[in-house]
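Take a look at the structure set out below.
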Amino acid sequence: MRRLAFMALAPFCVLLLQGCAGWQSALDPKGPAADELAWLIWFFTALCAVVWVLVMIALAAPLVMRSRPGDEPLLLDAGAERRKMRVVVTAVGLTAIILIGLTLLSFFANRTLAAIGSEAVLTIKVTGHQWWWELRYEDATPSRILTTANEIHIPAGEPVRLLLTSTDVIHSFWIPSLAGKLDLIPGHMNVLDIKADKPGVYRGQCAEFCGAQHANMGTFIIAEPRPKFDAWLNDQLQPAGAPASGEAKAGADLFLKRPCVMCHRIGGTPAGGTVAPDLTHIASRKTLAAGTLTMSRGNLAAWIADPQGIKPGSHMPVADLNGDELNAIVAYLEGLK
Amino acid sequence: MSSADVTGDRHIPEPDPAKGDLAPERDGPRDTGMDDASLHRWLERTWRTPSGIVGALSSVDHKVIARRYLITAFVFLGLGGLNAVAMRIQLSGPQRGLIGPDLYNQLFTMHGVTMMFLFAVPIVQATGIYLVPLMVGTRNIAFPRLNAFSYWIYVSGGAFAWVSFALNMAPDVGWFAYVPLSGPEFAPGKRADVWAQMITYTEVSSLAVAVATIVTVFKQRAPGMSLDKIPLYVWAMLVTSFVVVFAMPAVMITSTFLILDRLVGTHIFNPAEGGDALLFQHLFWFFGHPEVYIIFLPATGMVSSIIPAFARRPTFGHLGLVLSLFAVGLLSFGLWVHHMFATGLPKLGASFFTASSMMIAIPNGVQIFCWLATLWDGRPVIRTPLLFVFGFFFIFVIGGLTGVMLASVPLDLQVHDTYFVVAHFHYVLIGGSVFPLLGAAYFWFPKITGRMMSERLGRWHFWLAFIGFNAAFFPMHLVGLWGMPRRVYTYPAELGWGNINLFISAGALLFFLSFVLFTFNLVHGALKGTSAGNNPWDAGTLEWATSSPPPSYNFARIPIVTHIEPLWAERETLPVATGLRVDARELLISTVAEAHPDIREKSATPSIWPLFAALAVGGTFLYSIFTPWAIVWGAAPIAITLIGWFWPKGDPEDQE
């Protein structure tokens, strides 16, 4: 019997262990906000578990009692009823006390969270689009404003302020291992302060249903040591490099002649579309199509050749390219480090 | 006037012409002093549903309408369940290609819409339509034609949604249909319009039932059933009906604003023109949160009916339970913002809603503790209905406690819109409502059909449902904390959610199978079940006083209530009131608080017009997804059918 119970529980244990490797997990906090929240989650869970066990004991108690003598349902023992009333009133009182405690706890946790971003060193405007993230690193100097997409580099150990909005439908920005989520709502601007304690890559994805490709709207926060971050920022502010090979040169020309140019921007070239991700340094990103594919020559080609097969419903149309043209464009984009 | 019927016989006051009552000389035969056989013949002739197809379609008998509602809602449960099974197969592994995003988004929208609007609300209301008139000891529900109309509207709304699904034009914007995603710019085609109009008309039906229920409870209670003797189930349905009356208009406004934006070109929700997308969410959740209690409160009434029957004593803390119902009903309107914590509302305001959301746990706690205290008198009689109530405690308490977690603003920001929330509300809705409903099905099935369901199959059903449910939904808490958002049609393999999702899918299949077994038990019970008798559980409320199934007129003589559990207090025979006419559909109307017999009132006769009116309204709604002129053109047929419905029949009352 015990073995049977063990066998029934085994899958749960495996699942529990497996979950600890979370890359996108609220239970694997990597920043002060997520730390506070993980603590809150565990505290609530523990307290709720105790309450639940007590209720279950109270529920199971009558199963081991003797049956009621006789069958006169209206004949009640007045003393027993009074005792019960005392127990019920006490239980209700305890419930109220616990709930007041939890309300205060959550109020103070909220204050702690609000304090995190008070000294933000960097402001990034995150605009949600169906189904990718536009990022704008704000700066007082217009030439140092950076526009990029999907992968948010931040300096580790420093608080960063994210301004969240949307130009189409409602999205929600959520990096579980760093902070709770906050919506991106057209016509509204929300502020989310985050801080990553250590360098690392933290995954997140859109958490508010936003249409066909809600499932493939991933994002990454890449926290780096300050010098590395500064170097990255300076690199990104440069215009795109010139095509290195003849094939890439042909690709650059094709890019400007084909529909690509209608939507995408490549800094330093006439391509200036703003309705789709900025491709100036696309090859420096880890993924394609908002976390849908890892960055590689093959995936770039696949994505351009068949965007509707990979991300059905996405706004990337099929460009009519032959094999050589596709290769040329891929060669060009691959060089945009 | 002779008064020699039964001991305790009380007469309904003589008609008083001065008060506008019927003049005695126009009266027909009354039940006073009539022998049982001829009374049955008279009442059966007066109250029966006419034969033939037209007769069946004209029925205004609350039991007939309720049976139709129950069966239809059960069919929708099956369809919504199939949606879920399809989704679970798609999610059983990462990057499965079985179902694409277009179909998947329709599937989860239809699952939500079907379960909320076509299954849960109608089935709890249907149970009320069947039971409330029996429990308060009257012959039919108030406004029986409105009640019939509500059923036809509901069926046409459900058919509308499912026919559009078959045509690949079902809504794909979620059951909540947030703008701008459902607005004119981002939801081309007719899918979101189907959502908007289907919502509006199923809510018309649920409002109609709510009004009928409220009036039945207030004015048609058997003499003596003063406020303190109303059964808890009836209280629950009364509070629910009030919640419906105040909540449903909010969602009807939301869906109407949406269709105005889409069809007429208003900009109510368009931020570019000064509208606001968040307004939609406020309006929707002002309905959406009470909606949960519309589904849950009737289930508490069922629990309050099942527990005393098997604990063999009246419910402990009756007054506390009634007050809790009112408290929950009232507070349910003050929590809607906890669905919107992630929208970035002012922090202090959000904290207020944390407090109010926590507060509703107190009356719910009172209910749980009172039920537990009811069970503490000794070992209860363990039968299938009580097993499901035990399942209810086990599951619902988990759902309630995770609800407390979600009430906390900061905590909610981590779990909002993840599988944790999916787990939470399935624990609340399935644990809090479906398990009591299943218990109620076993409990009242003998009353409705006259036959018992199999106890052996019932136990198998319970354990299958209990294990399947927990296997399917408990792991969802975990996968949500590991970062899996809701409403995704697939997920990448690298995130490591594959195995747990496979496990969840297996549990979901098991849970679905439990309903197959339940269906078999229902059919088997209806055809081959052992005969039940009037009161198979020896329960105490009035519905068990009449035969199983009850006759068309419910009670040969209207009972007089002397106790909260009348059948336990009057073991021999119930005292009855006499004086009602038997050749016309007459009801006894009583006073609201004390339930003193007040006047005799006609109850509407069968009519085909409610069906025609529903068709006219349904046609108008359907047409209105194409052009706003539908409202203009539809007004004429609706007016004609309403004239037919209310055409005077030459009754003396009509002439006054």
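In the structure tokens, chains take letters A, B, ... by order of appearance, with residues numbered from 1 within each chain and ligands from 1 in the order shown.
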
Taking 5 positions as the minimum chain separation for residues in the same chain, which residues sit within 8 Å of Ile170 in chain A when counting only C-alpha atoms? Answer as a CSV table (one decimal) with C-alpha atoms, in the first residue's frame.
chain,number,residue,atom,x,y,z
A,128,GLY,CA,4.3,46.4,-27.2
A,183,ASP,CA,0.4,45.7,-18.7
A,184,LEU,CA,1.2,47.7,-21.8
A,185,ILE,CA,-2.0,49.5,-22.6
A,186,PRO,CA,-2.6,51.8,-25.6
A,208,GLU,CA,-1.8,39.3,-21.6
A,209,PHE,CA,-3.6,37.6,-24.4
A,210,CYS,CA,-2.8,39.7,-27.5
B,179,VAL,CA,-10.5,45.8,-26.3
B,180,PRO,CA,-8.6,46.9,-28.4
B,181,LEU,CA,-8.0,43.2,-29.4

Note to self: Applying 8 Å and only C-alpha atoms, which residues near Pro363 in chain B remain after dropping the ones on its own chain fewer than 6 positions away? List them as a ChimeraX atom specification.
What the structure shows: /B:324-325,327-328

Give one line per residue of chain A that approaches chain B to at most 7 Å, naming the two atoms of the closest pair and their distance in Å to one decimal, counting only C-alpha atoms; sort by chain then ascending residue number and deliver it as JSON lines.
{"residue": "A:Leu15", "atom": "CA", "partner": "B:Ile500", "partner_atom": "CA", "distance": 6.2}
{"residue": "A:Gly19", "atom": "CA", "partner": "B:Trp482", "partner_atom": "CA", "distance": 6.6}
{"residue": "A:Gly22", "atom": "CA", "partner": "B:Trp482", "partner_atom": "CA", "distance": 6.2}
{"residue": "A:Trp23", "atom": "CA", "partner": "B:Leu495", "partner_atom": "CA", "distance": 6.9}
{"residue": "A:Gln24", "atom": "CA", "partner": "B:Gly483", "partner_atom": "CA", "distance": 5.3}
{"residue": "A:Ser25", "atom": "CA", "partner": "B:Trp482", "partner_atom": "CA", "distance": 4.0}
{"residue": "A:Ala26", "atom": "CA", "partner": "B:Leu481", "partner_atom": "CA", "distance": 5.3}
{"residue": "A:Leu27", "atom": "CA", "partner": "B:Leu481", "partner_atom": "CA", "distance": 6.4}
{"residue": "A:Leu37", "atom": "CA", "partner": "B:Leu411", "partner_atom": "CA", "distance": 6.1}
{"residue": "A:Leu40", "atom": "CA", "partner": "B:Leu411", "partner_atom": "CA", "distance": 6.7}
{"residue": "A:Ile41", "atom": "CA", "partner": "B:Leu411", "partner_atom": "CA", "distance": 6.4}
{"residue": "A:Phe44", "atom": "CA", "partner": "B:Met405", "partner_atom": "CA", "distance": 6.4}
{"residue": "A:Cys48", "atom": "CA", "partner": "B:Leu401", "partner_atom": "CA", "distance": 5.8}
{"residue": "A:Trp52", "atom": "CA", "partner": "B:Val397", "partner_atom": "CA", "distance": 6.6}
{"residue": "A:Met56", "atom": "CA", "partner": "B:Phe394", "partner_atom": "CA", "distance": 6.9}
{"residue": "A:Ala58", "atom": "CA", "partner": "B:Leu372", "partner_atom": "CA", "distance": 6.8}
{"residue": "A:Leu59", "atom": "CA", "partner": "B:Leu372", "partner_atom": "CA", "distance": 6.2}
{"residue": "A:Pro62", "atom": "CA", "partner": "B:Arg379", "partner_atom": "CA", "distance": 5.1}
{"residue": "A:Leu63", "atom": "CA", "partner": "B:Arg379", "partner_atom": "CA", "distance": 5.2}
{"residue": "A:Val64", "atom": "CA", "partner": "B:Arg379", "partner_atom": "CA", "distance": 6.7}
{"residue": "A:Met65", "atom": "CA", "partner": "B:Arg379", "partner_atom": "CA", "distance": 5.1}
{"residue": "A:Arg66", "atom": "CA", "partner": "B:Arg379", "partner_atom": "CA", "distance": 5.5}
{"residue": "A:Ser67", "atom": "CA", "partner": "B:Arg379", "partner_atom": "CA", "distance": 4.5}
{"residue": "A:Arg68", "atom": "CA", "partner": "B:Gly378", "partner_atom": "CA", "distance": 4.9}
{"residue": "A:Pro73", "atom": "CA", "partner": "B:Arg313", "partner_atom": "CA", "distance": 4.3}
{"residue": "A:Leu74", "atom": "CA", "partner": "B:Arg313", "partner_atom": "CA", "distance": 6.0}
{"residue": "A:Lys84", "atom": "CA", "partner": "B:Ala373", "partner_atom": "CA", "distance": 6.3}
{"residue": "A:Val88", "atom": "CA", "partner": "B:Phe369", "partner_atom": "CA", "distance": 5.8}
{"residue": "A:Val92", "atom": "CA", "partner": "B:Val366", "partner_atom": "CA", "distance": 6.2}
{"residue": "A:Thr95", "atom": "CA", "partner": "B:Ile362", "partner_atom": "CA", "distance": 6.7}
{"residue": "A:Ala96", "atom": "CA", "partner": "B:Ile362", "partner_atom": "CA", "distance": 6.3}
{"residue": "A:Leu99", "atom": "CA", "partner": "B:Met358", "partner_atom": "CA", "distance": 6.0}
{"residue": "A:Thr103", "atom": "CA", "partner": "B:Ala355", "partner_atom": "CA", "distance": 5.9}
{"residue": "A:Ser106", "atom": "CA", "partner": "B:Ser408", "partner_atom": "CA", "distance": 5.5}
{"residue": "A:Phe107", "atom": "CA", "partner": "B:Ser351", "partner_atom": "CA", "distance": 6.5}
{"residue": "A:Ala109", "atom": "CA", "partner": "B:Pro410", "partner_atom": "CA", "distance": 6.8}
{"residue": "A:Asn110", "atom": "CA", "partner": "B:Pro410", "partner_atom": "CA", "distance": 5.7}
{"residue": "A:Val169", "atom": "CA", "partner": "B:Pro180", "partner_atom": "CA", "distance": 5.1}
{"residue": "A:Pro176", "atom": "CA", "partner": "B:Gly483", "partner_atom": "CA", "distance": 6.2}
{"residue": "A:Gly180", "atom": "CA", "partner": "B:Gln414", "partner_atom": "CA", "distance": 4.4}
{"residue": "A:Lys181", "atom": "CA", "partner": "B:Leu413", "partner_atom": "CA", "distance": 5.2}
{"residue": "A:Leu182", "atom": "CA", "partner": "B:Ala342", "partner_atom": "CA", "distance": 4.8}
{"residue": "A:Asp183", "atom": "CA", "partner": "B:Thr343", "partner_atom": "CA", "distance": 5.0}
{"residue": "A:Pro186", "atom": "CA", "partner": "B:Pro271", "partner_atom": "CA", "distance": 6.7}
{"residue": "A:Gly187", "atom": "CA", "partner": "B:Pro271", "partner_atom": "CA", "distance": 5.3}
{"residue": "A:Asn190", "atom": "CA", "partner": "B:Gly344", "partner_atom": "CA", "distance": 6.0}
{"residue": "A:Ala207", "atom": "CA", "partner": "B:Pro485", "partner_atom": "CA", "distance": 5.6}
{"residue": "A:Glu208", "atom": "CA", "partner": "B:Asp417", "partner_atom": "CA", "distance": 6.6}
{"residue": "A:Phe209", "atom": "CA", "partner": "B:Arg487", "partner_atom": "CA", "distance": 6.4}
{"residue": "A:Cys210", "atom": "CA", "partner": "B:Leu181", "partner_atom": "CA", "distance": 6.6}
{"residue": "A:Gly211", "atom": "CA", "partner": "B:Leu181", "partner_atom": "CA", "distance": 7.0}
{"residue": "A:Ala212", "atom": "CA", "partner": "B:Pro101", "partner_atom": "CA", "distance": 5.5}
{"residue": "A:Gln213", "atom": "CA", "partner": "B:Pro101", "partner_atom": "CA", "distance": 6.9}
{"residue": "A:His214", "atom": "CA", "partner": "B:Val488", "partner_atom": "CA", "distance": 6.3}
{"residue": "A:Ala215", "atom": "CA", "partner": "B:Val488", "partner_atom": "CA", "distance": 4.5}

Note to self: Which residues are close to Arg285 in chain A, i.e. within 12 Å by only C-alpha atoms, leaving aside same-chain residues fewer than 3 positions away? Reply as a ChimeraX atom specification.
What the structure shows: /A:148-153,219-222,232,236,277-282,288-291,293-296,300,333-337

Notebook entry, point to check: Within 7 Å of range 132-147 of chain B, counting only C-alpha atoms, which residues qualify if same-chain residues fewer than 4 places away don't, as a PyMOL selection string?
Noted result: chain B and resi 60-62+128+151+208-209+212+215-216+220-222+234+541-543+553-555+558-559+587+604+610

Item checked: Non-local contacts of Ala331 in chain A (10 Å; only C-alpha atoms; under 3 positions in same chain excluded) as a VMD selection string -> chain A and resid 243 to 252 297 300 to 301 325 to 328 334 to 336

Expected file contents, prior selection, N, CA and C atoms, as a compact mmCIF listing (two decimals), in the first residue's frame:
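Result written to part_9.txt:
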# COMPACT_ATOMS: atom_id res chain seq x y z
N PRO A 243 28.18 46.04 -45.92
CA PRO A 243 28.20 44.61 -46.25
C PRO A 243 29.63 44.16 -46.53
N ALA A 244 30.01 43.01 -46.00
CA ALA A 244 31.40 42.57 -46.08
C ALA A 244 31.72 41.85 -47.38
N SER A 245 30.79 41.12 -47.95
CA SER A 245 31.07 40.33 -49.14
C SER A 245 30.22 40.81 -50.30
N GLY A 246 30.52 40.28 -51.45
CA GLY A 246 29.73 40.62 -52.63
C GLY A 246 28.30 40.16 -52.48
N GLU A 247 28.16 38.97 -51.91
CA GLU A 247 26.80 38.43 -51.72
C GLU A 247 26.01 39.33 -50.78
N ALA A 248 26.68 39.74 -49.68
CA ALA A 248 26.02 40.61 -48.72
C ALA A 248 25.66 41.95 -49.34
N LYS A 249 26.52 42.43 -50.21
CA LYS A 249 26.26 43.70 -50.89
C LYS A 249 24.98 43.57 -51.74
N ALA A 250 24.90 42.43 -52.45
CA ALA A 250 23.70 42.18 -53.25
C ALA A 250 22.47 42.11 -52.35
N GLY A 251 22.67 41.49 -51.19
CA GLY A 251 21.58 41.37 -50.22
C GLY A 251 21.11 42.74 -49.75
N ALA A 252 22.07 43.63 -49.49
CA ALA A 252 21.72 44.98 -49.04
C ALA A 252 20.89 45.70 -50.10
N ARG A 297 22.14 31.34 -39.23
CA ARG A 297 21.95 31.60 -40.65
C ARG A 297 20.73 30.83 -41.16
N LEU A 300 17.48 32.36 -39.89
CA LEU A 300 17.19 33.62 -40.58
C LEU A 300 16.54 33.33 -41.93
N ALA A 301 17.14 32.38 -42.65
CA ALA A 301 16.61 32.03 -43.97
C ALA A 301 15.21 31.46 -43.84
N GLU A 325 18.38 35.10 -54.05
CA GLU A 325 18.02 36.36 -53.39
C GLU A 325 17.91 36.16 -51.88
N LEU A 326 17.29 35.04 -51.50
CA LEU A 326 17.15 34.74 -50.08
C LEU A 326 18.53 34.64 -49.43
N ASN A 327 19.42 33.88 -50.09
CA ASN A 327 20.77 33.72 -49.54
C ASN A 327 21.47 35.06 -49.41
N ALA A 328 21.29 35.92 -50.39
CA ALA A 328 21.97 37.21 -50.37
C ALA A 328 21.47 38.04 -49.19
N GLU A 334 23.07 38.66 -41.65
CA GLU A 334 23.97 37.93 -40.77
C GLU A 334 25.18 38.78 -40.39
N GLY A 335 25.51 39.72 -41.27
CA GLY A 335 26.66 40.58 -40.99
C GLY A 335 26.32 41.79 -40.13
N LEU A 336 25.05 41.99 -39.83
CA LEU A 336 24.65 43.17 -39.05
C LEU A 336 24.84 42.90 -37.55

Note to self: as a PyMOL selection string, please: every residue in range 84-264 of chain A that a backbone DSSP assignment puts in helix (DSSP H, G or I).
What the structure shows: chain A and resi 84-119+142-144+214-216+226-237+246-257+260-263

Next item on the list: Please report, as a ChimeraX atom specification, each residue of range 229-324 of chain A to which DSSP assigns strand (DSSP E or B) when run on this structure's backbone.
Entry: /A:265,272,287-288,293-294

Next item on the list: Counting only C-alpha atoms, figure out which residue out of B:Lys219, B:Lys602, B:Arg41, B:Arg557 gets nearest to Ser590 in chain B.
Entry: B:Lys219

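With CA of Gly157 in chain B on one side and CA of Gly618 in chain B on the other, the separation reads 7.3 Å.
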
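Separating CA of Ser150 in chain B from CA of Thr641 in chain B is a distance of 14.6 Å.
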
Check: Which residues, written as a ChimeraX atom specification, have at least one atom at most 9 Å from Trp235 in chain B, with only C-alpha atoms counted and residues fewer than 5 positions away on the same chain left out?
Finding: /B:217,230,240,298,301,322,325-326

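Between CA of Leu567 in chain B and CA of Arg45 in chain B lies a distance of 28.0 Å.
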